[in-house]
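What follows is one structure encoded as structure tokens, with my remarks underneath.
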Amino acid sequence: MEVITTHTNADFDSLASMLAAKKLYPGAVLVFPGSQERGLREFFIHSTLYAFEVERVKNIDLHEVERLILVDTRQNSRIGKFSEIVMKPGLDIHIYDHHPSSSEDIHGSLEIVSEVGATVTLLLDLLKKKEIPITPDEATVMLLGIYEDTGNLTFPSAREEDFQAAGYLVGKGANLNILSNVITKELTSEQVFLLNDLIQSATRYDVHGIDVVIAQATVDRYVGDIAILVHKLKDMENLDVLFVLVQMEGRIYLIGRSRIEEVNVSEIAAEFGGGGHPTAASATIKGTALLEAHGRLINVLRQVVRPRRVAKDLMVYPVKTVGPERTLEEAGEILSRYLLDILPVVQEERVVGLISKEVVERAVHHGLKDSLVKEYMTTEFSAVSPETPFSRIQELAIGQNQSLIPVIEKERLIGVIAMGDVMQVLQEGMIKSVKEIQPLYARKKMISKLMEERFPERIRNLLTEFGKIGDDLGYSVFGVGGFVRDLLMRVENYDVDIVIEGDGIRLAEEFERRFPCRIRTHKKFGTAIILFSDGLKVDVATARLEVYDSPAALPTVERGSIKADLYRRDFTINTLAIQLNPRAFGELTDFFGGVKDIKEKIIRVLHNLSFVEDPTRVFRAIRFEQRLKFQIGKHTQNLMKNAVKTGIFDRLSGGRILSEFILICQEDDPLPAMKRMKDFGLFYFLHPHLKWDEEKITLFEQIHHVISWFDLLFLDERFERWLIYFLGLIDSLKEQESLEVCERLAMNERQKKRVIGGKRESDPALLQIYSWISGGREPKRSEIYTVLDPLSTEVKLFMMAMTTQMATRRYISLYFTQLKDTKTILKGADLVQMGVKPGPSIRKGLEDLLKARLDEQVITRQDEIHYLTKSLGAK
């Protein structure tokens with residue numbers, strides 16, 4: 001049996017989606033899992049839709065259901081009795097939904113989910129693609145579904161696809177008279193009385209600085225279309241957040257509406273077993289008194305609602321300052337060193353003025369570089385406290401044109417807010433007002449549910465404990481970097497990096513005191529590694545900023561804020577941070593548009609001097625581009641090309657280039673990255689004669705195949721794959737040129753010996769094998785072993801890749817699979833007992849015996865004894 005169902009308290013979109021699904025699954029049975037909205041029931045009674053044959057859930061044998069088709073929901077708690085079978089072995093589940101994801105979502109073999117205004121919109125798209133016809137009655141119901149769920153196509157959740165779908169349905173004969181009668185009917189007297197009760201009971205609550213209005217009422221019998229009353233109340237009072245609780249017919253109906261991103265009503269409705277969208281959601285509460293539901297709603301609001309932004313949420317700290325007695329030239333050096341536009345002027349911990357880069361540069365241009373800061377600083381400025389609301393900050397930054405706002409606590413400077421920070425918050429609000437969804441550029445977003453879904457319990461508990469210890473020490477704690485990026489991309493990565501606004505080493509030491517682990521610290525950089533007995537390790541660092549005194553130089557490190565720490569990183573996709581402190585656990589911070597770039601699959605640097613300060617980022621850009629299947633942004637590519645053109649790589653130490661080359665070679669397939677290195681002319685910096693052509697590409701493809709083959713056969717065999725690729729890279733160079741490349745990359749003596757030695761050893765070994773082939777002679781197994789065994793694993797695999805002779809590959813394969821681990825049973829002590837004098841004769845006897853075993857002349861221990869006895873007797 002196939003069953004099509006939807007959520008309890010089904011609405012018109014639910015019905016429309018069920019009917020659309022029926023066109024895709026003609027043999028399926030339509031079943032409502034529970035009651036329907038009163039308006040929907042009335043529509044059934046007064047229309048011809050009885051012909052669509054909806055079955056009652058009590059008539060369905062759940063054990064007979066083999067395929068469950070869910071429409072307009074995928075939450076387990078909203079499908080009534082059908083939740084009992086979602087875990088049934090062999091049940092095939094297909095899902096069509098337009099709601100945001102939640103932690104209790106059901107997953108199926110087919111999931112078509114898109115956040116359009118109505119689920120029927122996405123189902124209708126499938127019907128159109130499959131050219132499945134629909135009748136005028138069906139078109140009418142589908143149009144009702146779209147109009148109800150999008151507020152007559154006026155809700156911010158409505159998408160272009162919904163408008164197109166509505167037009168298509170009108171063209172298919174949807175009855176607009178029915179639509180008008182259902183959608184625009186006047187309020188009944190019961191609805192008017194209920195609306196009046198809601199207006200009278202409406203009460204404002206301050207939840208983390210946000211006005212939330214809750215209205216409640218009790219009616220003796222069912223009153224339909226409560227959602228319409230909620231919209232009227234919200235619009236009449238111009239409310240940002242409204243929750244309505246109406247008790248009738250033994251249950252409580254909760255409806256929520258929100259215009260602001262801090263209040264996601266779908267999260268709140270989910271706490272009551274309901275769902276919906278961030279701006280509109282509902283739930284049905286059973287077995288609870290109205291007063292109890294009201295109290296529980298307030299508690300949930302306090303837990304879920306995100307606080308409004310205040311100064312301490314936006315400010316950057318610690319702050320670079322200058323003293324009033326310093327010269328303008330000294331102030332200019334600080335401004336340039338830290339890429340700042342304005343500095344607070346501080347005297348005895350008090351802010352006495354502001355000095356801008358523009359003023360300093362113009363003064364220096366006029367020959368005033370030795371003048372004092374106090375002579376040209378701005379002394380008329382406004383400051384704020386840590387709890388100052390954003391509205392006041394906006395007024396100062398825009399209304400009074402103050403580009404840097406000091407944050408003062410007890411007359412001390414504790415942070416600053418720049419104009420850019422203010423504009424970014426305003427931009428988020430503008431995007432939110434247009435789209436009513438989480439903006440792509442949002443600096444903060446809650447992803448705790450995603451963490452719960454993707455991280456194992458061990459990792460979640462670990463992150464929670466870091467946050468608790470941070471609270472105890474008064475530190476802000478963040479998870480940062482690659483594992484945050486991969487979390488958003490749904491890629492498994494448990495290499496946890498922690499950054500502390502405070503003292504990273506002290507936090508690591510406190511963690512070691514409380515939990516079984518050991519730590520290693522690096523006091524110079526304020527970093528620590530926490531090591532666990534099962535091999536898991538966590539890197540802990542103090543938030544810091546980096547200053548580059550010259551191009552390609554190693555940076556000077558100073559303590560900084562989380563924003564400064566993220567700013568020093570290579571690409572926007574690696575600048576994401578998750579707060580771990582309990583008060584904001586799971587809050588994603590995105591200062592630099594990393595989420596947007598992940599969605600658009602773009603590799604982008606943070607500023608125009610990124611490759612000048614650290615040219616190794618060019619290699620990392622290529623590596624991330626190929627690993628993640630992203631694209632390096634056009635501007636970032638131009639910056640990379642400019643860094644190459646200006647010769648900045650000549651200043652880069654060879655060891656840092658080698659480290660990046662090794663990392664590239666550790667990727668699953670380095671060939672695409674090598675091709676990109678050629679595109680940017682990077683091989684020239686290793687050696688002018690180093691070429692990348694079709695022959696080299698073919699060789700690298702063979703190396704990749706050989707390494708993949710070896711990895712599959714010998715999982716535990718350790719070898720340095722980068723060395724094989726490097727031998728391939730320098731294969732066409734002369735020995736002296738290869739040595740020059742090694743020296744350019746600052747290889748140590750061991751590395752140079754392996755590279756040059758491998759190059760020297762591979763040629764004669766291949767010549768020996770070619771001589772067997774050209775002579776038409778099949779070598780003995782012992783001969784193959786004698787030629788190949790002295791060579792390193794890397795050299796043998798390189799030979800296997802570079803040869804074009806199948807016989808050569810067969811011999812090397814034979815060595816790895818059958819010969820390399822061959823050992824004699826007898827040992828030196830056994831030969832002494834047989835009368836062989838200690839010394840060279842022992843070694844010679846064992847070598848002969850090994851050859852005999854390789855050539856399968858001996859098998860057992862007795863065979864070896866007999867072979868040696870015969871050999872010694874002959875001598």
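Here's how to read the names in the structure tokens: chain A, B, ... by the order shown, residue numbers from 1 in each chain, ligand numbers from 1 in the order shown.
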Discussion item. Please extract the residues of stretch 42-262 of chain A with a backbone DSSP assignment of helix (DSSP H, G or I) and present them as a ChimeraX atom specification.
Written reply: /A:42-45,49-52,57-59,62-64,76-78,80-84,119-129,136-149,160-171,176-183,189-201,226-237
Proximity check stretch 348-426 of chain A to stretch 194-215 of chain A, 12 Å, nearest pairs one decimal Å, only C-alpha atoms, as a Markdown table:
| residue | atom | partner | partner_atom | distance |
| --- | --- | --- | --- | --- |
| A:Glu387 | CA | A:Gly209 | CA | 10.7 |
| A:Thr388 | CA | A:Gly209 | CA | 11.4 |
| A:Pro389 | CA | A:Gly209 | CA | 9.0 |
| A:Phe390 | CA | A:Gly209 | CA | 11.1 |
Practice prompt. Tell me which protein, DNA and RNA residues are within 10 Å of A:Arg306, counting only C-alpha atoms, leaving out same-chain ones fewer than 3 positions away, and put them as an MDAnalysis selection string.
Written response: chainID A and resid 207:210 261:264 301:303 309 445:446 583:584 587
Worksheet item: For A:Lys752, which residue out of A:Glu452, A:Glu510, A:Glu740, A:Glu64 is the nearest one, using only C-alpha atoms?
Response: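 Of all the options, A:Glu740 lies closest to A:Lys752.
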Practice prompt. Step one, run DSSP on the backbone; step two, keep only residues of stretch 581-732 of chain A assigned to strand (DSSP E); then write them as an MDAnalysis selection string.
Written response: chainID A and resid 587:589 602:603 631:632
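Residue nearest A:Val322, chosen from A:Val373, A:Lys524, A:Glu361, A:Leu639 and counting only C-alpha atoms: A:Val373.
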